[in-house]
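*Asks:* Just dropping this structure here.
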Amino acid sequence: MEEISIHNRTLGEFFAARCQLFREKDALQFKVRDRVVTMTYGKLLETSEALAEGLRKKGFSPGDRAFFFCESGPEFAIALIAVHLCGGVDVSINPDTDPDLVGSEIERTGCNFCFFDDASQADGVLNGISAHAVILTWKKIKNPHTTLADLTGIKGGVIEKKNRSVNLFRKRMSEDPASLFYHRSAQINNPDCIVLSHSGILSNIRSITSIVSTTELDSLQSCLPLWHSSGRCWLYFALHHGCCFSFSTTADFFILMQRFAPTLAAAPPRTLVDFHKRILEGRPNESVYQSLGRRAYFLMNHLLNMARSFLSGQMPRYSRSPAWQENLFFFYAVFILVLLSPIKWGGDLFLSDPLKRKLGGKLRAVMTGGEIFPSATDHFFRTLDIPVLEGYWMTEASHILATRVLEYTGQKSRISAGTVGPMLPGTELKLI
């Protein structure tokens with residue numbers, strides 16, 4: 001395949017370019033039964049190209065739309081990349097949505113291909129709708145629907161060599177629609193559809209890159225759904241940097257961290273809050289002293305974090321305080337640091353360090369947004385020396401408008417509890 005410019009105009013061009021650039025690196029990581037499976041960028045491109053060729057032969061053309069009504073996973077990611085290699089437009093909806101509503105939206109958006117997790121799901125949605133159903137499985141199954149195995153020509157795990165048709169994305173323009181999203185509003189009879197362009201999505205990814213310092217040596221684990229713009233955002237972010245993207249669910253997010261050992265993670269606030277609560281509640285068979293000691297440790301660290309924030313200028317200030325009050329806060333913060341720091345160092349050995357090892361031992365930041373993030377959970381992760389990069393996330397803005405900043409060369413960290421950090425470069429906000 002010919003060389004592709006790094007200045008990508010469309011998502012299809014972006015996927016092809018990144019997979020070529022990081023061909024030998026691990027791209028996707030996921031759990032299959034009890035083992036961890038990895039897929040390189042080269043294998044990801046080869047498989048996606050095979051699927052794109054299969055879709056093209058079935059009649060999928062540039063500008064056509066493909067509907068995704070399925071759970072997150074590597075098959076979803078491969079199918080998504082294949083659709084954009086064909087120059088197509090993806091349409092996504094929450095897999096918990098009423099099938100009758102899904103069918104009407106498939107007709108409304110004019111989708112001629114639909115991706116499902118299983119055949120029964122496809123039968124329930126495509127009742128009388130003339131669209132090709134593709135089941136996201138690599139197994140050969142006996143049903144009237146097409147599978148990924150049928151489209152890619154996989155036989156015994158080996159992809160048949162055939163001519164690839166991957167330059168169809170060149171027929172698309174940067175301002176053309178790339179993705180259509182239905183969120184909570186899809187539960188009503190006349191849902192609104194959020195349309196995002198190629199340029200909007202890629203511009204947002206480049207802006208995040210200038211804020212969150214990442215290299216191809218990093219790995220990113222996410223439990224955010226790919227049918228939602230939040231899950232897509234961090235998948236694209238990982239691919240942009242040549243990181244390994246690890247799939248998990250909200251249920252096994254922290255369990256799989258010990259196996260995947262990511263350096264970065266992305267999760268909704270409620271997942272982080274639930275983990276915080278489980279740690280505070282402790283084990284059923286522990287003593288009252290252990291429970292009280294753990295709660296006292298985290299309360300003490302909460303006070304220490306606030307003192308450090310004040311002394312470093314990281315505490316949000318919404319009004320100017322009198323000089324005497326500032327001096328009082330200063331001496332109080334210094335007193336807290338001097339009194340509690342020695343106790344904290346001892347507590348870290350028994351509580352904080354073992355917890356960090358359970359999270360893989362390499363985690364340096366967690367990205368979250370979309371909902372209110374409680375300050376207590378914020379300070380809990382700060383106690384573990386794992387900063388939470390809370391952001392202002394909104395699908396209509398191609399996802400991220402503002403986010404907290406990690407410190408790196410030439411830039412000061414901006415991690416203040418109760419804030420979503422500074423706006424991304426090139427972003428404008430208006431308060432009304």
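Residue numbers start at 1 in each chain; chains themselves are named A, B, ... in the order of the structure tokens; ligands are numbered from 1 in the order shown.
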Could you name the residues that touch A:Thr146 at 8 Å or less, counting only C-alpha atoms, but leaving out those on the same chain fewer than 3 positions away, as number ranges by chain?
*Replies:* A: 132-135, 143, 150-151
*Asks:* Go ahead and dump the residues you just picked, N, CA and C atoms, as a PDB file, in the first residue's frame.
*Replies:*
```
ATOM      1  N   HIS A 132     -27.987  -5.416   5.291  1.00  0.00           N
ATOM      2  CA  HIS A 132     -27.142  -6.591   5.527  1.00  0.00           C
ATOM      3  C   HIS A 132     -26.781  -6.664   7.008  1.00  0.00           C
ATOM      4  N   ALA A 133     -26.981  -7.819   7.623  1.00  0.00           N
ATOM      5  CA  ALA A 133     -26.585  -8.033   9.014  1.00  0.00           C
ATOM      6  C   ALA A 133     -25.236  -8.729   9.059  1.00  0.00           C
ATOM      7  N   VAL A 134     -24.328  -8.208   9.885  1.00  0.00           N
ATOM      8  CA  VAL A 134     -23.012  -8.819  10.083  1.00  0.00           C
ATOM      9  C   VAL A 134     -22.871  -9.141  11.568  1.00  0.00           C
ATOM     10  N   ILE A 135     -22.622 -10.419  11.877  1.00  0.00           N
ATOM     11  CA  ILE A 135     -22.463 -10.853  13.265  1.00  0.00           C
ATOM     12  C   ILE A 135     -20.988 -10.765  13.638  1.00  0.00           C
ATOM     13  N   ASN A 143     -26.411 -19.740   9.966  1.00  0.00           N
ATOM     14  CA  ASN A 143     -27.563 -18.847   9.983  1.00  0.00           C
ATOM     15  C   ASN A 143     -27.515 -18.010   8.710  1.00  0.00           C
ATOM     16  N   ASP A 150     -16.858 -14.821   7.448  1.00  0.00           N
ATOM     17  CA  ASP A 150     -17.294 -14.886   6.047  1.00  0.00           C
ATOM     18  C   ASP A 150     -16.707 -13.741   5.227  1.00  0.00           C
ATOM     19  N   LEU A 151     -16.681 -12.556   5.808  1.00  0.00           N
ATOM     20  CA  LEU A 151     -16.233 -11.370   5.058  1.00  0.00           C
ATOM     21  C   LEU A 151     -14.719 -11.297   4.901  1.00  0.00           C
TER      22      LEU A 151
END
```
*Asks:* Near A:Asp90, counting only C-alpha atoms, which residues have an atom at most 12 Å away, once you skip same-chain residues fewer than 2 positions from it, shown as an MDAnalysis selection string?
*Replies:* chainID A and resid 11:12 62:69 76:77 79:88 92:93 106 109:115 177:182 194:198 226:229 232
*Asks:* Could you take the residues named above and write them with N, CA and C atoms, as a compact mmCIF listing (two decimals), in the first residue's frame?
*Replies:*
```txt
# COMPACT_ATOMS: atom_id res chain seq x y z
N LEU A 11 -10.82 9.68 9.06
CA LEU A 11 -10.51 8.61 10.00
C LEU A 11 -9.90 7.41 9.30
N GLY A 12 -10.36 7.11 8.09
CA GLY A 12 -9.79 5.99 7.34
C GLY A 12 -8.31 6.20 7.08
N PRO A 62 -18.07 4.22 -0.53
CA PRO A 62 -17.80 5.46 0.21
C PRO A 62 -19.07 6.28 0.42
N GLY A 63 -19.27 6.74 1.63
CA GLY A 63 -20.47 7.51 1.96
C GLY A 63 -21.60 6.68 2.51
N ASP A 64 -21.53 5.34 2.35
CA ASP A 64 -22.56 4.47 2.93
C ASP A 64 -22.44 4.45 4.45
N ARG A 65 -23.54 4.07 5.09
CA ARG A 65 -23.57 4.08 6.55
C ARG A 65 -23.72 2.68 7.13
N ALA A 66 -22.98 2.44 8.20
CA ALA A 66 -23.02 1.14 8.89
C ALA A 66 -23.47 1.36 10.32
N PHE A 67 -24.43 0.55 10.75
CA PHE A 67 -25.02 0.69 12.09
C PHE A 67 -24.37 -0.29 13.05
N PHE A 68 -24.00 0.20 14.24
CA PHE A 68 -23.40 -0.65 15.27
C PHE A 68 -24.35 -0.74 16.46
N PHE A 69 -24.86 -1.95 16.69
CA PHE A 69 -25.75 -2.22 17.82
C PHE A 69 -25.15 -3.39 18.58
N PHE A 76 -15.54 -5.07 17.53
CA PHE A 76 -16.15 -3.77 17.27
C PHE A 76 -15.11 -2.82 16.67
N ALA A 77 -13.91 -2.78 17.28
CA ALA A 77 -12.86 -1.87 16.82
C ALA A 77 -12.42 -2.22 15.39
N ALA A 79 -14.17 -3.81 13.05
CA ALA A 79 -15.25 -3.47 12.13
C ALA A 79 -15.34 -1.97 11.92
N LEU A 80 -15.14 -1.19 12.97
CA LEU A 80 -15.18 0.27 12.87
C LEU A 80 -14.08 0.77 11.94
N ILE A 81 -12.87 0.24 12.10
CA ILE A 81 -11.76 0.64 11.24
C ILE A 81 -12.04 0.25 9.79
N ALA A 82 -12.59 -0.95 9.59
CA ALA A 82 -12.90 -1.42 8.23
C ALA A 82 -13.92 -0.50 7.55
N VAL A 83 -14.94 -0.08 8.29
CA VAL A 83 -15.95 0.82 7.73
C VAL A 83 -15.30 2.11 7.24
N HIS A 84 -14.37 2.65 8.02
CA HIS A 84 -13.72 3.90 7.63
C HIS A 84 -12.66 3.69 6.55
N LEU A 85 -12.05 2.52 6.47
CA LEU A 85 -11.16 2.23 5.35
C LEU A 85 -11.94 2.20 4.04
N CYS A 86 -13.23 1.87 4.14
CA CYS A 86 -14.11 1.88 2.97
C CYS A 86 -14.67 3.28 2.68
N GLY A 87 -14.34 4.25 3.53
CA GLY A 87 -14.91 5.59 3.35
C GLY A 87 -16.33 5.70 3.85
N GLY A 88 -16.74 4.81 4.73
CA GLY A 88 -18.11 4.80 5.23
C GLY A 88 -18.31 5.70 6.43
N SER A 92 -23.91 4.69 15.76
CA SER A 92 -23.87 3.88 16.98
C SER A 92 -25.00 4.22 17.92
N ILE A 93 -25.41 3.22 18.68
CA ILE A 93 -26.49 3.40 19.65
C ILE A 93 -26.24 2.47 20.83
N ILE A 106 -32.35 2.73 12.05
CA ILE A 106 -31.59 2.17 10.93
C ILE A 106 -32.18 2.64 9.61
N THR A 109 -31.57 6.59 9.19
CA THR A 109 -30.22 7.00 8.80
C THR A 109 -29.76 6.36 7.50
N GLY A 110 -30.57 5.48 6.93
CA GLY A 110 -30.24 4.90 5.64
C GLY A 110 -29.07 3.94 5.67
N CYS A 111 -28.91 3.19 6.76
CA CYS A 111 -27.79 2.24 6.87
C CYS A 111 -28.07 1.00 6.03
N ASN A 112 -27.08 0.58 5.26
CA ASN A 112 -27.24 -0.64 4.47
C ASN A 112 -26.47 -1.83 5.04
N PHE A 113 -25.66 -1.59 6.09
CA PHE A 113 -24.99 -2.67 6.81
C PHE A 113 -25.18 -2.44 8.31
N CYS A 114 -25.40 -3.53 9.06
CA CYS A 114 -25.61 -3.44 10.50
C CYS A 114 -24.77 -4.51 11.20
N PHE A 115 -24.08 -4.12 12.25
CA PHE A 115 -23.24 -5.04 13.02
C PHE A 115 -23.92 -5.37 14.34
N PRO A 177 -19.44 13.87 7.15
CA PRO A 177 -19.81 13.14 8.39
C PRO A 177 -18.95 11.90 8.55
N ALA A 178 -18.48 11.67 9.76
CA ALA A 178 -17.69 10.47 10.06
C ALA A 178 -18.45 9.53 10.98
N SER A 179 -19.09 10.10 12.03
CA SER A 179 -19.77 9.28 13.03
C SER A 179 -21.09 9.94 13.43
N LEU A 180 -22.09 9.10 13.62
CA LEU A 180 -23.39 9.54 14.11
C LEU A 180 -23.66 8.81 15.42
N PHE A 181 -23.98 9.58 16.47
CA PHE A 181 -24.17 8.99 17.79
C PHE A 181 -25.58 9.24 18.31
N TYR A 182 -26.17 8.18 18.88
CA TYR A 182 -27.40 8.30 19.65
C TYR A 182 -27.05 7.99 21.10
N ILE A 194 -26.44 13.01 16.87
CA ILE A 194 -25.27 13.88 16.92
C ILE A 194 -24.33 13.49 15.79
N VAL A 195 -24.03 14.43 14.91
CA VAL A 195 -23.20 14.16 13.73
C VAL A 195 -21.83 14.80 13.94
N LEU A 196 -20.76 14.01 13.84
CA LEU A 196 -19.40 14.50 13.97
C LEU A 196 -18.64 14.32 12.67
N SER A 197 -17.85 15.30 12.32
CA SER A 197 -17.07 15.25 11.08
C SER A 197 -15.69 14.65 11.34
N HIS A 198 -15.02 14.26 10.25
CA HIS A 198 -13.65 13.74 10.37
C HIS A 198 -12.73 14.79 10.97
N LEU A 226 -17.52 1.61 23.20
CA LEU A 226 -17.19 2.12 21.87
C LEU A 226 -18.40 2.66 21.13
N TRP A 227 -19.61 2.34 21.59
CA TRP A 227 -20.78 2.94 20.95
C TRP A 227 -20.95 4.39 21.38
N HIS A 228 -20.17 4.80 22.38
CA HIS A 228 -20.22 6.17 22.90
C HIS A 228 -18.96 6.92 22.47
N SER A 229 -19.08 8.22 22.32
CA SER A 229 -17.92 9.01 21.88
C SER A 229 -16.77 8.96 22.87
N ARG A 232 -14.65 5.90 22.01
CA ARG A 232 -13.96 6.15 20.74
C ARG A 232 -12.78 7.09 20.94
```
*Asks:* Of the candidates A:Gly200, A:Pro387, A:Gly360, A:Gly369, which one gets nearest to A:Thr10 if we count only C-alpha atoms?
*Replies:*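 Using only C-alpha atoms, A:Thr10 sits closest to A:Gly200.
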*Asks:* For the contact check between stretch 336-394 of chain A and stretch 416-429 of chain A, emit one row per residue of stretch 336-394 of chain A within 8 Å, containing the shortest atom pair and the distance in Å rounded to one decimal, counting only C-alpha atoms, chain then rising number order, as a tab-separated table.
*Replies:*
```
residue	atom	partner	partner_atom	distance
A:Phe373	CA	A:Gly418	CA	7.8
A:Pro374	CA	A:Gly418	CA	7.9
A:Ser375	CA	A:Ala417	CA	6.0
A:Asp378	CA	A:Ala417	CA	6.6
A:His379	CA	A:Ala417	CA	7.7
A:Leu389	CA	A:Val420	CA	7.7
A:Glu390	CA	A:Val420	CA	5.3
A:Gly391	CA	A:Val420	CA	4.6
A:Tyr392	CA	A:Val420	CA	5.8
```
*Asks:* Could you pull out the residues in stretch 142-266 of chain A that DSSP calls strand (DSSP E) from the backbone, as a list of chain:residue names?
*Replies:*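 Of stretch 142-266 of chain A, the ones in strand (DSSP E) are A:Thr146, A:Thr147, A:Ile154, A:Lys155, A:Val158, A:Ile159, A:Pro177, A:Ala178, A:Ser179, A:Leu180, A:Phe181, A:Ile194, A:Val195, A:Leu196, A:Ser197, A:Ser219, A:Leu220, A:Gln221, A:Ser222, A:Cys244, A:Phe245, A:Ser246, A:Phe247, A:Leu264, A:Ala265, A:Ala266.
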*Asks:* With N, CA and C atoms kept, could you save the residues just selected as a PDB file, in the first residue's frame?
*Replies:*
```pdb
ATOM      1  N   THR A 146     -24.359 -12.878   7.697  1.00  0.00           N
ATOM      2  CA  THR A 146     -22.921 -12.907   7.429  1.00  0.00           C
ATOM      3  C   THR A 146     -22.147 -12.702   8.723  1.00  0.00           C
ATOM      4  N   THR A 147     -20.984 -13.332   8.845  1.00  0.00           N
ATOM      5  CA  THR A 147     -20.109 -13.143  10.005  1.00  0.00           C
ATOM      6  C   THR A 147     -18.806 -12.484   9.563  1.00  0.00           C
ATOM      7  N   ILE A 154     -11.189 -15.674   6.737  1.00  0.00           N
ATOM      8  CA  ILE A 154     -10.320 -16.331   7.711  1.00  0.00           C
ATOM      9  C   ILE A 154     -10.607 -17.828   7.723  1.00  0.00           C
ATOM     10  N   LYS A 155      -9.577 -18.607   7.574  1.00  0.00           N
ATOM     11  CA  LYS A 155      -9.694 -20.065   7.632  1.00  0.00           C
ATOM     12  C   LYS A 155      -8.614 -20.592   8.564  1.00  0.00           C
ATOM     13  N   VAL A 158      -5.990 -17.981   9.696  1.00  0.00           N
ATOM     14  CA  VAL A 158      -5.099 -17.359   8.708  1.00  0.00           C
ATOM     15  C   VAL A 158      -5.929 -16.615   7.675  1.00  0.00           C
ATOM     16  N   ILE A 159      -5.568 -15.368   7.409  1.00  0.00           N
ATOM     17  CA  ILE A 159      -6.282 -14.561   6.432  1.00  0.00           C
ATOM     18  C   ILE A 159      -5.788 -14.893   5.033  1.00  0.00           C
ATOM     19  N   PRO A 177     -19.444  13.873   7.152  1.00  0.00           N
ATOM     20  CA  PRO A 177     -19.806  13.144   8.387  1.00  0.00           C
ATOM     21  C   PRO A 177     -18.948  11.896   8.548  1.00  0.00           C
ATOM     22  N   ALA A 178     -18.481  11.670   9.757  1.00  0.00           N
ATOM     23  CA  ALA A 178     -17.685  10.469  10.060  1.00  0.00           C
ATOM     24  C   ALA A 178     -18.450   9.533  10.976  1.00  0.00           C
ATOM     25  N   SER A 179     -19.090  10.099  12.030  1.00  0.00           N
ATOM     26  CA  SER A 179     -19.775   9.285  13.026  1.00  0.00           C
ATOM     27  C   SER A 179     -21.085   9.936  13.431  1.00  0.00           C
ATOM     28  N   LEU A 180     -22.094   9.096  13.618  1.00  0.00           N
ATOM     29  CA  LEU A 180     -23.395   9.542  14.114  1.00  0.00           C
ATOM     30  C   LEU A 180     -23.665   8.814  15.424  1.00  0.00           C
ATOM     31  N   PHE A 181     -23.977   9.578  16.473  1.00  0.00           N
ATOM     32  CA  PHE A 181     -24.169   8.991  17.792  1.00  0.00           C
ATOM     33  C   PHE A 181     -25.580   9.240  18.311  1.00  0.00           C
ATOM     34  N   ILE A 194     -26.437  13.005  16.874  1.00  0.00           N
ATOM     35  CA  ILE A 194     -25.268  13.884  16.915  1.00  0.00           C
ATOM     36  C   ILE A 194     -24.326  13.486  15.787  1.00  0.00           C
ATOM     37  N   VAL A 195     -24.035  14.428  14.905  1.00  0.00           N
ATOM     38  CA  VAL A 195     -23.198  14.163  13.735  1.00  0.00           C
ATOM     39  C   VAL A 195     -21.829  14.803  13.937  1.00  0.00           C
ATOM     40  N   LEU A 196     -20.760  14.009  13.839  1.00  0.00           N
ATOM     41  CA  LEU A 196     -19.401  14.502  13.975  1.00  0.00           C
ATOM     42  C   LEU A 196     -18.640  14.320  12.667  1.00  0.00           C
ATOM     43  N   SER A 197     -17.850  15.304  12.319  1.00  0.00           N
ATOM     44  CA  SER A 197     -17.066  15.254  11.082  1.00  0.00           C
ATOM     45  C   SER A 197     -15.689  14.649  11.337  1.00  0.00           C
ATOM     46  N   SER A 219       0.589   2.227  27.700  1.00  0.00           N
ATOM     47  CA  SER A 219      -0.557   1.376  27.379  1.00  0.00           C
ATOM     48  C   SER A 219      -1.779   1.980  28.060  1.00  0.00           C
ATOM     49  N   LEU A 220      -2.929   1.859  27.405  1.00  0.00           N
ATOM     50  CA  LEU A 220      -4.142   2.502  27.911  1.00  0.00           C
ATOM     51  C   LEU A 220      -5.257   1.477  28.043  1.00  0.00           C
ATOM     52  N   GLN A 221      -5.804   1.358  29.246  1.00  0.00           N
ATOM     53  CA  GLN A 221      -6.933   0.453  29.489  1.00  0.00           C
ATOM     54  C   GLN A 221      -8.206   1.269  29.645  1.00  0.00           C
ATOM     55  N   SER A 222      -9.275   0.837  28.985  1.00  0.00           N
ATOM     56  CA  SER A 222     -10.538   1.575  29.034  1.00  0.00           C
ATOM     57  C   SER A 222     -11.712   0.629  29.233  1.00  0.00           C
ATOM     58  N   CYS A 244      -0.732   0.540  23.299  1.00  0.00           N
ATOM     59  CA  CYS A 244      -1.542  -0.674  23.311  1.00  0.00           C
ATOM     60  C   CYS A 244      -2.846  -0.353  24.033  1.00  0.00           C
ATOM     61  N   PHE A 245      -3.967  -0.582  23.369  1.00  0.00           N
ATOM     62  CA  PHE A 245      -5.285  -0.295  23.937  1.00  0.00           C
ATOM     63  C   PHE A 245      -5.871  -1.583  24.503  1.00  0.00           C
ATOM     64  N   SER A 246      -6.204  -1.579  25.798  1.00  0.00           N
ATOM     65  CA  SER A 246      -6.719  -2.783  26.469  1.00  0.00           C
ATOM     66  C   SER A 246      -8.215  -2.639  26.727  1.00  0.00           C
ATOM     67  N   PHE A 247      -8.966  -3.684  26.368  1.00  0.00           N
ATOM     68  CA  PHE A 247     -10.422  -3.694  26.555  1.00  0.00           C
ATOM     69  C   PHE A 247     -10.780  -4.285  27.914  1.00  0.00           C
ATOM     70  N   LEU A 264      -1.888   4.162  31.649  1.00  0.00           N
ATOM     71  CA  LEU A 264      -2.999   5.117  31.628  1.00  0.00           C
ATOM     72  C   LEU A 264      -4.304   4.335  31.630  1.00  0.00           C
ATOM     73  N   ALA A 265      -5.348   4.938  32.159  1.00  0.00           N
ATOM     74  CA  ALA A 265      -6.654   4.269  32.190  1.00  0.00           C
ATOM     75  C   ALA A 265      -7.748   5.307  31.989  1.00  0.00           C
ATOM     76  N   ALA A 266      -8.874   4.857  31.448  1.00  0.00           N
ATOM     77  CA  ALA A 266     -10.033   5.742  31.239  1.00  0.00           C
ATOM     78  C   ALA A 266     -11.275   5.012  31.723  1.00  0.00           C
TER      79      ALA A 266
END
```
*Asks:* For a test of reading the model, state the distance in Å between atom CA of A:Ser61 and atom CA of A:Leu168, rounded to one decimal.
*Replies:*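 That distance, rounded to one decimal, is 7.9 Å.
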*Asks:* Contacts of A:Leu311 at 9 Å or less, counting only C-alpha atoms, minus same-chain residues fewer than 4 places along, as a ChimeraX atom specification?
*Replies:* /A:306-307,315,330,333-334
*Asks:* Can I get the selected residues back with N, CA, C and O atoms, as an mmCIF file, in the first residue's frame?
*Replies:*
```cif
data_model
loop_
_atom_site.group_PDB
_atom_site.id
_atom_site.type_symbol
_atom_site.label_atom_id
_atom_site.label_comp_id
_atom_site.auth_asym_id
_atom_site.auth_seq_id
_atom_site.Cartn_x
_atom_site.Cartn_y
_atom_site.Cartn_z
ATOM 1 N N MET A 306 -5.129 18.555 50.666
ATOM 2 C CA MET A 306 -5.645 19.925 50.649
ATOM 3 C C MET A 306 -4.555 20.914 51.049
ATOM 4 O O MET A 306 -4.444 22.013 50.481
ATOM 5 N N ALA A 307 -3.729 20.529 52.025
ATOM 6 C CA ALA A 307 -2.635 21.409 52.452
ATOM 7 C C ALA A 307 -1.628 21.610 51.318
ATOM 8 O O ALA A 307 -1.177 22.735 51.060
ATOM 9 N N MET A 315 -5.146 24.880 44.623
ATOM 10 C CA MET A 315 -6.511 24.866 45.168
ATOM 11 C C MET A 315 -7.351 25.922 44.452
ATOM 12 O O MET A 315 -6.914 27.066 44.287
ATOM 13 N N PHE A 330 -2.089 29.518 55.503
ATOM 14 C CA PHE A 330 -0.700 29.114 55.233
ATOM 15 C C PHE A 330 -0.116 28.375 56.436
ATOM 16 O O PHE A 330 0.448 27.288 56.303
ATOM 17 N N ALA A 333 -1.739 24.960 56.897
ATOM 18 C CA ALA A 333 -1.269 23.981 55.911
ATOM 19 C C ALA A 333 0.114 23.459 56.279
ATOM 20 O O ALA A 333 0.387 22.252 56.187
ATOM 21 N N VAL A 334 0.999 24.355 56.715
ATOM 22 C CA VAL A 334 2.350 23.938 57.118
ATOM 23 C C VAL A 334 2.267 23.024 58.349
ATOM 24 O O VAL A 334 2.976 21.998 58.431
#
```
*Asks:* In Å to one decimal, how far is atom CA of A:Leu384 from atom CA of A:Gly242?
*Replies:*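 So the two atoms, atom CA of A:Gly242 and atom CA of A:Leu384, lie 27.2 Å apart.
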*Asks:* For A:Ile78, which residue among A:Lys43, A:Arg56, A:Arg414, A:His240 is the nearest when counting only C-alpha atoms?
*Replies:*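 Of A:Lys43, A:Arg56, A:Arg414, A:His240, the one nearest A:Ile78 is A:Lys43, counting only C-alpha atoms.
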*Asks:* Can you measure atom CA of A:Met394 to atom CA of A:Arg172 for me? One decimal in Å is fine.
*Replies:*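 Taking atom CA of A:Met394 as the start and atom CA of A:Arg172 as the end point, the length is 25.1 Å.
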*Asks:* List the spatial neighbours of A:Leu299 as a VMD selection string - criterion: any atom at most 12 Å away, only C-alpha atoms, same-chain residues fewer than 4 positions off excluded.
*Replies:* chain A and resid 280 292 to 295 303 to 306 340 344 347 376 to 377 379 to 380 383
*Asks:* Write the residues you've just listed into a file as a JSON list (two decimals), in the first residue's frame, and include C-alpha atoms for each of them.
*Replies:*
```json
[["chain", "number", "residue", "atom", "x", "y", "z"],
["A", 280, "LEU", "CA", -13.20, 1.85, 52.38],
["A", 292, "LEU", "CA", -10.89, 2.33, 61.52],
["A", 293, "GLY", "CA", -7.18, 2.51, 60.75],
["A", 294, "ARG", "CA", -7.79, 2.45, 57.00],
["A", 295, "ARG", "CA", -10.46, 5.16, 57.19],
["A", 303, "LEU", "CA", -6.13, 16.81, 54.81],
["A", 304, "LEU", "CA", -2.56, 16.46, 53.49],
["A", 305, "ASN", "CA", -3.72, 16.75, 49.88],
["A", 306, "MET", "CA", -5.64, 19.93, 50.65],
["A", 340, "LEU", "CA", 0.94, 14.19, 59.39],
["A", 344, "LYS", "CA", 1.59, 9.01, 56.11],
["A", 347, "GLY", "CA", 0.76, 4.10, 56.31],
["A", 376, "ALA", "CA", -13.50, 12.36, 48.24],
["A", 377, "THR", "CA", -12.75, 9.86, 45.45],
["A", 379, "HIS", "CA", -8.37, 12.66, 47.03],
["A", 380, "PHE", "CA", -8.45, 8.86, 47.41],
["A", 383, "THR", "CA", -3.38, 9.42, 48.05]]
```
*Asks:* When distances are computed from only C-alpha atoms, which of A:Val212, A:Ile372, A:Val338, A:Cys233 shows the smallest separation from A:Leu406?
*Replies:*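 Once distances to A:Leu406 are computed over only C-alpha atoms, the minimum belongs to A:Val212.
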*Asks:* Could you list, as an MDAnalysis selection string, every residue within 9 Å of A:Gly282, counting only C-alpha atoms and ignoring same-chain residues fewer than 4 positions away?
*Replies:* chainID A and resid 277:278 286 290:291 294
*Asks:* Once you have the residues from the selection above, write them out as a compact mmCIF listing (two decimals), in the first residue's frame, restricted to C-alpha atoms.
*Replies:*
```txt
# COMPACT_ATOMS: atom_id res chain seq x y z
CA LYS A 277 -16.25 2.51 48.34
CA ARG A 278 -15.08 -1.12 48.17
CA GLU A 286 -11.27 -7.86 59.10
CA GLN A 290 -8.19 -2.45 60.67
CA SER A 291 -11.32 -0.77 59.33
CA ARG A 294 -7.79 2.45 57.00
```
*Asks:* Can you list every residue in stretch 279-391 of chain A that DSSP puts in helix (DSSP H, G or I), as an NGL selection string?
*Replies:* :A and (279-281 or 288-312 or 323-358 or 375-383)
